[in-house]
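> Data file coords_25.cif (mmCIF, C-alpha atoms and all ligand atoms) is appended below.
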data_data
#
loop_
_atom_site.label_atom_id
_atom_site.label_comp_id
_atom_site.auth_asym_id
_atom_site.auth_seq_id
_atom_site.Cartn_x
_atom_site.Cartn_y
_atom_site.Cartn_z
CA MET A 293 30.25 -21.41 15.61
CA ALA A 294 29.94 -24.93 17.09
CA VAL A 295 26.19 -24.85 17.65
CA GLN A 296 25.50 -23.13 14.35
CA ARG A 297 27.56 -25.71 12.45
CA THR A 298 25.77 -28.60 14.15
CA GLU A 299 22.41 -27.12 13.14
CA THR A 300 23.51 -26.69 9.56
CA ILE A 301 24.83 -30.22 9.36
CA SER A 302 21.65 -31.72 10.83
CA ILE A 303 19.55 -29.83 8.30
CA GLN A 304 21.77 -30.98 5.46
CA ARG A 305 21.44 -34.54 6.77
CA ALA A 306 17.69 -34.27 6.83
CA THR A 307 17.77 -33.44 3.13
CA GLU A 308 20.66 -35.67 2.07
CA GLY A 309 20.08 -37.09 -1.37
CA ALA A 310 17.08 -34.80 -1.77
CA ALA A 311 16.99 -31.47 -3.53
CA ALA A 312 17.74 -28.30 -1.56
CA ILE A 313 14.85 -26.70 -3.45
CA SER A 314 11.93 -28.36 -5.17
CA LEU A 315 9.04 -26.65 -6.96
CA ARG A 316 6.20 -28.62 -8.55
CA GLY A 317 3.54 -27.04 -10.74
CA VAL A 318 3.96 -23.67 -9.05
CA VAL A 319 1.71 -20.85 -10.25
CA LYS A 320 1.74 -17.23 -9.06
CA ARG A 321 -0.70 -14.71 -10.46
CA PHE A 322 -0.86 -10.95 -9.95
CA GLY A 323 -4.43 -10.11 -11.04
CA LYS A 324 -4.66 -11.13 -14.69
CA LEU A 325 -0.90 -11.54 -15.06
CA THR A 326 0.60 -14.99 -14.51
CA ALA A 327 4.17 -14.32 -13.34
CA VAL A 328 5.05 -17.97 -12.60
CA ASP A 329 3.19 -20.43 -14.76
CA GLY A 330 3.39 -24.08 -13.72
CA LEU A 331 7.04 -24.04 -12.69
CA ASP A 332 8.88 -27.32 -12.00
CA LEU A 333 12.40 -26.88 -10.67
CA ASP A 334 14.82 -28.93 -8.55
CA VAL A 335 18.07 -27.57 -7.14
CA PRO A 336 20.30 -30.42 -5.86
CA ASN A 337 22.36 -29.83 -2.72
CA GLY A 338 25.77 -28.26 -3.23
CA ILE A 339 25.40 -26.81 -6.73
CA CYS A 340 25.08 -23.26 -8.06
CA LEU A 341 21.97 -23.05 -10.21
CA GLY A 342 21.64 -20.03 -12.48
CA LEU A 343 18.09 -18.91 -13.15
CA LEU A 344 18.57 -17.11 -16.43
CA GLY A 345 15.93 -15.01 -18.14
CA PRO A 346 15.01 -11.53 -19.37
CA ASN A 347 13.29 -8.92 -17.20
CA GLY A 348 9.78 -10.08 -16.40
CA ALA A 349 10.47 -13.82 -16.86
CA GLY A 350 9.44 -14.49 -13.25
CA LYS A 351 12.85 -14.92 -11.60
CA SER A 352 12.34 -12.51 -8.68
CA THR A 353 8.83 -13.81 -8.08
CA THR A 354 10.23 -17.36 -7.89
CA MET A 355 12.79 -16.19 -5.31
CA LYS A 356 10.04 -14.51 -3.29
CA LEU A 357 7.96 -17.69 -3.33
CA LEU A 358 10.89 -19.58 -1.80
CA THR A 359 11.07 -17.18 1.14
CA ALA A 360 7.27 -16.90 1.46
CA GLN A 361 7.44 -13.16 0.70
CA ALA A 362 4.94 -14.16 -2.00
CA ILE A 363 2.48 -17.04 -1.69
CA ALA A 364 1.84 -19.38 -4.62
CA ASP A 365 -1.69 -19.79 -5.97
CA GLU A 366 -1.00 -23.42 -6.94
CA GLY A 367 1.67 -26.08 -6.62
CA ALA A 368 4.07 -27.39 -3.98
CA ILE A 369 7.34 -25.86 -2.75
CA GLU A 370 9.97 -27.46 -0.52
CA VAL A 371 13.10 -25.71 0.71
CA LEU A 372 15.72 -27.69 2.67
CA GLY A 373 13.12 -30.34 3.33
CA PHE A 374 10.55 -27.86 4.70
CA ALA A 375 7.19 -27.19 3.06
CA VAL A 376 6.81 -23.52 2.12
CA PRO A 377 4.90 -21.44 3.16
CA ARG A 378 3.73 -23.74 6.04
CA GLU A 379 7.23 -24.27 7.50
CA SER A 380 8.86 -21.21 5.98
CA LYS A 381 10.18 -19.96 9.32
CA ARG A 382 12.28 -23.10 9.74
CA ALA A 383 13.42 -23.02 6.12
CA ARG A 384 14.42 -19.35 6.41
CA ALA A 385 16.57 -20.05 9.47
CA SER A 386 18.97 -22.04 7.28
CA MET A 387 18.86 -19.92 4.17
CA GLY A 388 20.57 -16.68 3.26
CA VAL A 389 18.70 -14.18 1.13
CA VAL A 390 20.47 -11.47 -0.84
CA PRO A 391 17.85 -9.15 -2.33
CA GLN A 392 18.13 -7.27 -5.61
CA GLN A 393 17.48 -3.96 -3.82
CA ASP A 394 20.18 -2.69 -1.48
CA ASN A 395 18.45 -2.33 1.90
CA LEU A 396 21.50 -1.92 4.17
CA ASP A 397 21.22 0.34 7.18
CA GLU A 398 23.21 3.37 5.99
CA GLU A 399 23.78 4.77 9.47
CA LEU A 400 25.35 1.56 10.79
CA THR A 401 28.90 0.47 10.07
CA ALA A 402 29.61 -2.59 7.93
CA ARG A 403 30.28 -4.57 11.09
CA GLU A 404 27.10 -3.37 12.83
CA ASN A 405 25.00 -4.31 9.79
CA LEU A 406 26.33 -7.85 10.11
CA GLU A 407 25.89 -7.92 13.91
CA VAL A 408 22.22 -6.99 13.60
CA PHE A 409 21.61 -9.85 11.18
CA ALA A 410 23.65 -12.34 13.24
CA HIS A 411 21.29 -11.46 16.10
CA LEU A 412 18.16 -11.71 13.92
CA TYR A 413 19.27 -15.08 12.62
CA ARG A 414 19.79 -16.21 16.21
CA VAL A 415 23.49 -16.99 15.91
CA PRO A 416 24.30 -17.85 19.55
CA ARG A 417 25.84 -14.89 21.39
CA LYS A 418 29.15 -16.68 22.01
CA ASP A 419 29.52 -17.45 18.28
CA ARG A 420 28.41 -14.08 16.97
CA GLU A 421 31.77 -12.34 16.86
CA ALA A 422 33.41 -15.19 14.96
CA ALA A 423 30.47 -15.32 12.54
CA VAL A 424 30.76 -11.58 11.84
CA GLU A 425 34.56 -11.79 11.40
CA ASP A 426 34.11 -14.69 9.01
CA ALA A 427 31.52 -12.85 6.90
CA LEU A 428 33.71 -9.70 6.81
CA GLU A 429 36.65 -11.77 5.64
CA LEU A 430 34.68 -13.61 2.99
CA ALA A 431 33.51 -10.28 1.57
CA HIS A 432 37.00 -8.70 1.88
CA LEU A 433 35.58 -5.99 4.11
CA THR A 434 37.64 -6.53 7.26
CA ASP A 435 39.52 -3.26 6.60
CA ARG A 436 36.28 -1.33 6.17
CA GLN A 437 34.32 -2.83 9.06
CA ARG A 438 34.13 0.52 10.91
CA THR A 439 32.91 2.45 7.85
CA LYS A 440 29.24 3.38 7.73
CA ALA A 441 27.39 1.49 4.98
CA GLY A 442 26.31 4.85 3.52
CA ASP A 443 29.99 5.76 2.93
CA LEU A 444 30.97 2.50 1.17
CA SER A 445 31.35 2.28 -2.62
CA GLY A 446 28.67 0.51 -4.70
CA GLY A 447 30.77 -2.65 -5.01
CA MET A 448 31.54 -2.75 -1.28
CA ARG A 449 27.88 -2.31 -0.42
CA ARG A 450 26.98 -5.23 -2.65
CA ARG A 451 29.65 -7.36 -1.01
CA LEU A 452 28.29 -6.36 2.40
CA LEU A 453 24.78 -7.27 1.28
CA ILE A 454 26.04 -10.75 0.33
CA ALA A 455 28.04 -11.07 3.58
CA ARG A 456 24.89 -10.15 5.53
CA GLY A 457 23.03 -13.04 3.88
CA LEU A 458 25.82 -15.42 4.88
CA VAL A 459 26.44 -14.44 8.47
CA HIS A 460 24.56 -17.44 9.90
CA ARG A 461 26.41 -19.87 7.57
CA PRO A 462 23.30 -20.93 5.69
CA ALA A 463 23.16 -24.21 3.78
CA LEU A 464 21.40 -22.40 0.91
CA VAL A 465 21.82 -18.87 -0.46
CA LEU A 466 19.40 -17.07 -2.77
CA LEU A 467 21.06 -14.35 -4.83
CA ASP A 468 18.65 -12.20 -6.82
CA GLU A 469 20.55 -10.51 -9.68
CA PRO A 470 23.69 -10.13 -7.54
CA THR A 471 25.64 -7.90 -9.94
CA VAL A 472 22.92 -5.94 -11.68
CA GLY A 473 23.99 -2.42 -12.56
CA LEU A 474 27.62 -2.86 -11.42
CA ASP A 475 30.65 -2.11 -13.57
CA PRO A 476 32.62 -5.06 -15.02
CA GLN A 477 35.48 -4.86 -12.50
CA VAL A 478 33.16 -4.95 -9.49
CA ARG A 479 31.15 -7.70 -11.14
CA ALA A 480 34.30 -9.82 -11.52
CA GLU A 481 35.11 -9.27 -7.81
CA LEU A 482 31.68 -10.49 -6.83
CA TRP A 483 32.01 -13.52 -9.07
CA GLY A 484 35.08 -14.50 -7.02
CA LEU A 485 33.02 -14.18 -3.85
CA ILE A 486 30.14 -16.29 -5.23
CA ASP A 487 32.58 -18.91 -6.49
CA GLY A 488 34.00 -19.08 -2.94
CA LEU A 489 30.55 -20.00 -1.62
CA ARG A 490 30.39 -22.98 -3.91
CA SER A 491 33.71 -24.26 -2.73
CA ARG A 492 32.37 -24.10 0.87
CA GLY A 493 29.63 -26.51 -0.23
CA THR A 494 26.83 -23.93 0.01
CA THR A 495 23.93 -24.45 -2.38
CA VAL A 496 23.36 -21.30 -4.43
CA LEU A 497 20.31 -20.25 -6.45
CA MET A 498 21.24 -17.15 -8.44
CA SER A 499 18.96 -15.27 -10.79
CA THR A 500 20.58 -13.27 -13.54
CA HIS A 501 20.01 -11.81 -16.95
CA TYR A 502 23.75 -11.70 -17.67
CA ILE A 503 24.78 -14.54 -19.96
CA GLU A 504 28.43 -14.37 -18.92
CA GLU A 505 27.52 -14.53 -15.24
CA ALA A 506 25.52 -17.73 -15.77
CA GLU A 507 28.21 -19.28 -17.96
CA ARG A 508 30.97 -18.44 -15.47
CA LEU A 509 29.31 -19.38 -12.18
CA ALA A 510 26.50 -21.83 -12.68
CA ASP A 511 26.99 -25.60 -12.60
CA ASP A 512 23.53 -25.83 -14.03
CA CYS A 513 21.24 -23.30 -15.69
CA ALA A 514 17.47 -23.09 -15.89
CA LEU A 515 16.44 -20.87 -18.81
CA MET A 516 13.30 -19.09 -17.68
CA SER A 517 10.77 -17.53 -20.01
CA HIS A 518 7.18 -16.43 -19.27
CA GLY A 519 7.15 -18.05 -15.84
CA LYS A 520 8.39 -21.48 -16.95
CA VAL A 521 11.68 -23.29 -17.44
CA ALA A 522 12.33 -23.59 -21.18
CA ALA A 523 15.50 -25.70 -20.79
CA ARG A 524 17.73 -26.97 -18.02
CA GLY A 525 21.30 -28.26 -18.00
CA ALA A 526 24.97 -27.42 -17.60
CA PRO A 527 25.79 -24.34 -19.71
CA ALA A 528 28.21 -26.25 -21.96
CA GLU A 529 25.68 -29.05 -22.50
CA LEU A 530 22.86 -26.65 -23.35
CA ILE A 531 25.10 -24.81 -25.80
CA ALA A 532 26.34 -28.03 -27.44
CA GLU A 533 22.81 -29.40 -27.77
CA HIS A 534 20.98 -26.35 -29.07
CA ALA A 535 23.61 -24.10 -30.69
CA GLY A 536 26.55 -26.38 -31.45
CA GLU A 537 30.17 -25.24 -31.27
CA ARG A 538 30.31 -22.31 -33.65
CA VAL A 539 28.11 -19.63 -35.07
CA VAL A 540 28.55 -17.63 -38.27
CA GLU A 541 26.99 -14.17 -38.29
CA HIS A 542 25.95 -12.58 -41.58
CA TYR A 543 25.21 -8.87 -41.84
CA GLY A 544 23.28 -7.09 -44.58
CA PRO A 545 19.98 -5.59 -45.74
CA PRO A 546 16.71 -7.40 -44.85
CA GLU A 547 16.54 -9.33 -48.14
CA ARG A 548 20.08 -10.68 -47.62
CA LEU A 549 19.18 -11.75 -44.05
CA GLU A 550 16.04 -13.50 -45.30
CA ALA A 551 18.07 -15.35 -47.93
CA VAL A 552 20.59 -16.51 -45.29
CA GLU A 553 17.74 -17.79 -43.10
CA ARG A 554 16.10 -19.61 -46.02
CA LEU A 555 19.33 -21.35 -47.04
CA ALA A 556 20.26 -22.32 -43.46
CA HIS A 557 16.79 -23.69 -42.66
CA ALA A 558 16.78 -25.70 -45.91
CA ALA A 559 20.00 -27.33 -44.65
CA GLY A 560 18.35 -28.02 -41.26
CA LEU A 561 20.40 -25.46 -39.29
CA PRO A 562 18.85 -23.15 -36.67
CA THR A 563 19.30 -19.38 -36.98
CA ARG A 564 18.79 -16.35 -34.78
CA ARG A 565 18.14 -12.75 -35.77
CA THR A 566 19.37 -9.53 -34.28
CA GLY A 567 18.45 -6.19 -35.83
CA THR A 568 21.18 -6.20 -38.46
CA SER A 569 22.41 -9.77 -38.59
CA VAL A 570 21.43 -13.42 -38.84
CA SER A 571 23.47 -15.97 -36.94
CA VAL A 572 23.62 -19.48 -38.33
CA LEU A 573 24.08 -21.90 -35.42
CA LYS A 574 25.80 -25.31 -35.46
CA ALA A 575 28.02 -23.86 -38.17
CA GLU A 576 30.55 -26.66 -37.73
CA THR A 577 28.01 -28.99 -39.35
CA MET A 578 27.42 -26.77 -42.41
CA PRO A 579 27.60 -28.67 -45.67
CA HIS A 580 30.14 -27.29 -48.21
CA SER A 581 27.33 -26.40 -50.58
CA LEU A 582 25.81 -24.09 -47.93
CA ILE A 583 29.19 -22.48 -47.16
CA ASP A 584 29.50 -21.73 -50.90
CA ASP A 585 25.92 -20.40 -51.12
CA LEU A 586 26.28 -18.14 -48.08
CA GLY A 587 29.59 -16.69 -49.28
CA PRO A 588 32.72 -15.70 -47.36
CA ASP A 589 31.43 -12.59 -45.55
CA GLY A 590 30.29 -14.33 -42.33
CA VAL A 591 31.88 -13.52 -38.94
CA ARG A 592 32.71 -16.61 -36.88
CA ARG A 593 32.36 -16.82 -33.10
CA ALA A 594 31.81 -19.44 -30.37
CA ALA A 595 28.18 -20.34 -29.62
CA ASN A 596 26.85 -19.08 -26.27
CA LEU A 597 23.86 -19.34 -23.95
CA GLU A 598 22.20 -16.31 -25.52
CA ASP A 599 22.03 -18.29 -28.79
CA VAL A 600 20.36 -21.15 -26.93
CA PHE A 601 17.91 -18.81 -25.25
CA VAL A 602 16.89 -17.14 -28.51
CA VAL A 603 16.51 -20.44 -30.36
CA LEU A 604 14.31 -21.90 -27.63
CA THR A 605 12.20 -18.89 -26.66
CA GLY A 606 12.46 -16.34 -29.46
CA GLU A 607 13.49 -13.78 -26.80
CA ARG A 608 16.79 -12.17 -25.89
CA VAL A 609 18.11 -12.39 -22.33
CA GLU A 610 20.17 -9.21 -22.00
N1 LIG B 1 3.85 -7.39 -6.81
C1 LIG B 1 3.54 -7.46 -8.11
N2 LIG B 1 2.37 -6.99 -8.56
C2 LIG B 1 2.03 -7.07 -9.87
N3 LIG B 1 2.83 -7.60 -10.82
C3 LIG B 1 4.02 -8.08 -10.44
C4 LIG B 1 4.43 -8.03 -9.06
N4 LIG B 1 5.68 -8.58 -8.99
C5 LIG B 1 6.01 -8.96 -10.24
N5 LIG B 1 5.03 -8.65 -11.11
C6 LIG B 1 5.02 -8.93 -12.56
O1 LIG B 1 5.30 -10.31 -12.72
C7 LIG B 1 6.13 -10.52 -13.86
C8 LIG B 1 7.39 -11.25 -13.43
O2 LIG B 1 8.18 -10.35 -12.64
P1 LIG B 1 9.54 -10.76 -11.93
O3 LIG B 1 10.01 -9.56 -11.17
O4 LIG B 1 9.38 -12.03 -11.24
O5 LIG B 1 10.48 -10.99 -13.20
P2 LIG B 1 12.05 -11.10 -13.27
O6 LIG B 1 12.34 -12.20 -14.21
O7 LIG B 1 12.60 -11.23 -11.91
O8 LIG B 1 12.49 -9.73 -13.87
P3 LIG B 1 13.38 -8.58 -13.18
O9 LIG B 1 14.76 -8.96 -13.47
O10 LIG B 1 12.92 -7.35 -13.91
O11 LIG B 1 13.02 -8.56 -11.72
C9 LIG B 1 6.41 -9.15 -14.44
O12 LIG B 1 5.50 -8.94 -15.51
C10 LIG B 1 6.13 -8.21 -13.29
O13 LIG B 1 5.71 -6.96 -13.75
#
What's the structure tokens form of this structure?
Ligand SMILES: Nc1ncnc2c1ncn2[C@@H]1O[C@H](COP(=O)(O)OP(=O)(O)OP(=O)(O)O)[C@@H](O)[C@H]1O

Amino acid sequence: MAVQRTETISIQRATEGAAAISLRGVVKRFGKLTAVDGLDLDVPNGICLGLLGPNGAGKSTTMKLLTAQAIADEGAIEVLGFAVPRESKRARASMGVVPQQDNLDEELTARENLEVFAHLYRVPRKDREAAVEDALELAHLTDRQRTKAGDLSGGMRRRLLIARGLVHRPALVLLDEPTVGLDPQVRAELWGLIDGLRSRGTTVLMSTHYIEEAERLADDCALMSHGKVAARGAPAELIAEHAGERVVEHYGPPERLEAVERLAHAAGLPTRRTGTSVSVLKAETMPHSLIDDLGPDGVRRAANLEDVFVVLTGERVE
């Protein structure tokens, strides 16, 4: 891996102090629909940034703009110091892309899938075997390296997909909804793998619509709604600023929910609605008079990023 490492280091040096990814005023339209709408986003080197938003918020389109699979109508994009799309070939050489759709070659073994990509990414021949071994190990697939991709379980395939994006030891990895549709146990396994990338110093941009995934993995989150970033910060900071520490949920018929909202707003506290409940946020700051007025039937829980998202955008993430 000597040559590969040197390349990676020189690229990191070229961007030292700068952001691994920078988008300024980026717009992408599909006919009349504006999927990305004046997006400004910086991803500093070495962090995991969670791009959190509901289906249709523009997360996948943003990922595609970074790899030049889609071309922006307006704005400026830089990836690892390279202007995209003009220098996208050079940017792509140092980035790993893990797509939402599984596009492994079913007829090839796990190992062969990685070998093909090591070749495509121009890992020097003498380093290729070590690169493949390393990726297999990272994805805990060494034991299954001779199994055809088509015969692997869903979780193993997803791990292989991630390993394939890492085989050239990229400085930056784009993960588009890495655990979508997987069961909780497999999801937790993948979280371990993604966490491992961070500790290697790899910059990660991960889109997700799972609140827990963003809270667990992301150093920083960008909450995306209608093609823009509605808020940006560390999950704990965003929660503290917009939702406080605790939330009290009140259930009841519509008139009861309206009364709870009226009383909370009069006391200056934000609320969020679900079908059958109203959550009063920043509950730790509730005056005693409001606690008395609302009554004892509220259910207490910790505030989370979903609360923040709803307060800021009026939408739900999951
Ligand atoms: N190739 C395309 N042609 C037309 N419309 C598109 C195309 N790609 C995306 N869109 C539309 O752009 C909007 C943003 O889609 P995008 O896939 O970026 O959202 P997302 O946040 O990634 O959601 P998801 O998790 O469902 O992928 C959606 O309304 C989508 O239908």
> Compile a residue-level contact table for chain A against ligand LIG 1 (chain B) at a cut-off of 7 Å, reporting for every qualifying residue the shortest atom pair and its distance in Å to one decimal, with only C-alpha atoms and all ligand atoms counted, rows ordered by chain and ascending number, as a Markdown table.

| residue | atom | partner | partner_atom | distance |
| --- | --- | --- | --- | --- |
| A:Phe322 | CA | B:LIG1 | C2 | 4.8 |
| A:Leu325 | CA | B:LIG1 | O1 | 6.7 |
| A:Thr326 | CA | B:LIG1 | O1 | 6.9 |
| A:Ala327 | CA | B:LIG1 | O1 | 4.2 |
| A:Gly345 | CA | B:LIG1 | O6 | 6.0 |
| A:Pro346 | CA | B:LIG1 | O6 | 5.8 |
| A:Asn347 | CA | B:LIG1 | O8 | 3.5 |
| A:Gly348 | CA | B:LIG1 | O5 | 3.4 |
| A:Ala349 | CA | B:LIG1 | O6 | 3.6 |
| A:Gly350 | CA | B:LIG1 | O4 | 3.2 |
| A:Lys351 | CA | B:LIG1 | O7 | 3.7 |
| A:Ser352 | CA | B:LIG1 | O7 | 3.5 |
| A:Thr353 | CA | B:LIG1 | O4 | 3.7 |
| A:Thr354 | CA | B:LIG1 | O4 | 6.4 |
| A:His501 | CA | B:LIG1 | O9 | 6.9 |
> Write the residues of the preceding selection, restricted to C-alpha atoms, as a short mmCIF file (atom, residue, chain, number, x, y, z; two decimals), keeping the file's coordinate frame.

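Listing of selection_7.cif after writing:
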data_model
loop_
_atom_site.label_atom_id
_atom_site.label_comp_id
_atom_site.auth_asym_id
_atom_site.auth_seq_id
_atom_site.Cartn_x
_atom_site.Cartn_y
_atom_site.Cartn_z
CA PHE A 322 -0.86 -10.95 -9.95
CA LEU A 325 -0.90 -11.54 -15.06
CA THR A 326 0.60 -14.99 -14.51
CA ALA A 327 4.17 -14.32 -13.34
CA GLY A 345 15.93 -15.01 -18.14
CA PRO A 346 15.01 -11.53 -19.37
CA ASN A 347 13.29 -8.92 -17.20
CA GLY A 348 9.78 -10.08 -16.40
CA ALA A 349 10.47 -13.82 -16.86
CA GLY A 350 9.44 -14.49 -13.25
CA LYS A 351 12.85 -14.92 -11.60
CA SER A 352 12.34 -12.51 -8.68
CA THR A 353 8.83 -13.81 -8.08
CA THR A 354 10.23 -17.36 -7.89
CA HIS A 501 20.01 -11.81 -16.95
#
> May I ask for the distance between atom CA of Val521 of chain A and atom CA of Ala311 of chain A, given in Å to one decimal place?
17.0 Å
> Please list as a PyMOL selection string every residue within 10 Å of Pro579 of chain A, counting only C-alpha atoms and excluding residues in the same chain fewer than 5 positions away.
chain A and resi 556+559+584
> So how far away is atom CA of Asn596 of chain A from atom CA of Asp329 of chain A, in Å?
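Between atom CA of Asp329 of chain A and atom CA of Asn596 of chain A the gap works out to 26.3 Å.
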> For a quick check of understanding, using all atoms listed in the file, which of A:Ala362, A:Val570, A:Leu530, A:Leu341 has the smallest distance to Leu509 of chain A?
A:Leu341
> Could you give me, as number ranges by chain, the residues within 10 Å of Thr359 of chain A, counting all atoms listed in the file and dropping anything in the same chain fewer than 4 positions from it?
A: 354-355, 363, 371, 376-377, 380-381, 383-384, 387-389, 466
> Skip Lys520 of chain A itself and residues of its chain fewer than 3 positions away, then list as a PyMOL selection string all residues within 9 Å of it, counting all atoms listed in the file.
chain A and resi 328-332+349-350+515-517
> Atoms to include: C-alpha atoms. Write the selected residues as a PDB file, in the frame of the given file.

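Okay, this is what ended up in part23.pdb:
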ATOM      1  CA  VAL A 328       5.050 -17.970 -12.600  1.00  0.00           C
ATOM      2  CA  ASP A 329       3.190 -20.430 -14.760  1.00  0.00           C
ATOM      3  CA  GLY A 330       3.390 -24.080 -13.720  1.00  0.00           C
ATOM      4  CA  LEU A 331       7.040 -24.040 -12.690  1.00  0.00           C
ATOM      5  CA  ASP A 332       8.880 -27.320 -12.000  1.00  0.00           C
ATOM      6  CA  ALA A 349      10.470 -13.820 -16.860  1.00  0.00           C
ATOM      7  CA  GLY A 350       9.440 -14.490 -13.250  1.00  0.00           C
ATOM      8  CA  LEU A 515      16.440 -20.870 -18.810  1.00  0.00           C
ATOM      9  CA  MET A 516      13.300 -19.090 -17.680  1.00  0.00           C
ATOM     10  CA  SER A 517      10.770 -17.530 -20.010  1.00  0.00           C
TER      11      SER A 517
END
> Is it possible to get the residues within 7 Å of (23.8, -6.5, -42.7) (coordinates as in the file, counting all atoms listed in the file) written as an MDAnalysis selection string?
chainID A and resid 542:545 568:569
> Quote the spacing between atom CA of Glu370 of chain A and atom CA of Leu315 of chain A in Å to one decimal place.
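Separating atom CA of Glu370 of chain A from atom CA of Leu315 of chain A is a distance of 6.6 Å.
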> Applying 12 Å and all atoms listed in the file, which residues near Leu555 of chain A remain after dropping the ones on its own chain fewer than 5 positions away? List them as JSON, numbers by chain.
{"A": [548, 549, 550, 560, 561, 562, 563, 570, 572, 578, 579, 581, 582, 583, 584, 585, 586, 587]}
> Do you have, as a tab-separated table, the list of residues of segment 439-545 of chain A lying at most 8 Å from segment 397-408 of chain A, each with its nearest atom pair and that distance in Å to one decimal, counting all atoms listed in the file and ordered by chain then number?

residue	atom	partner	partner_atom	distance
A:Thr439	CA	A:Thr401	CA	5.0
A:Lys440	CA	A:Thr401	CA	3.7
A:Ala441	CA	A:Glu398	CA	4.7
A:Gly442	CA	A:Glu398	CA	4.2
A:Asp443	CA	A:Glu398	CA	7.8
A:Leu452	CA	A:Ala402	CA	6.8
A:Ala455	CA	A:Leu406	CA	7.5
A:Arg456	CA	A:Leu406	CA	5.3
A:Val459	CA	A:Leu406	CA	6.8
> So, counting all atoms listed in the file, which residue among A:Arg508, A:Arg524, A:His460, A:Arg450 is closest to Leu482 of chain A?
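Checking each candidate against Leu482 of chain A, we get A:Arg450 as the closest.
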> Env of Asp599 of chain A: 9 Å cut, atoms = all atoms listed in the file, seq-sep filter 3 positions within chain, self excluded. Answer as a compact mmCIF listing (two decimals) with C-alpha atoms, keeping the file's coordinate frame.

# COMPACT_ATOMS: atom_id res chain seq x y z
CA ILE A 531 25.10 -24.81 -25.80
CA HIS A 534 20.98 -26.35 -29.07
CA ALA A 535 23.61 -24.10 -30.69
CA VAL A 539 28.11 -19.63 -35.07
CA THR A 563 19.30 -19.38 -36.98
CA ARG A 564 18.79 -16.35 -34.78
CA SER A 571 23.47 -15.97 -36.94
CA LEU A 573 24.08 -21.90 -35.42
CA ALA A 595 28.18 -20.34 -29.62
CA ASN A 596 26.85 -19.08 -26.27
CA VAL A 602 16.89 -17.14 -28.51
CA VAL A 603 16.51 -20.44 -30.36
CA LEU A 604 14.31 -21.90 -27.63
CA ARG A 608 16.79 -12.17 -25.89
> Could you check which of A:Gly590, A:Gly367, A:Gly606, A:Pro470 is closest to Ser499 of chain A, using all atoms listed in the file?
A:Pro470
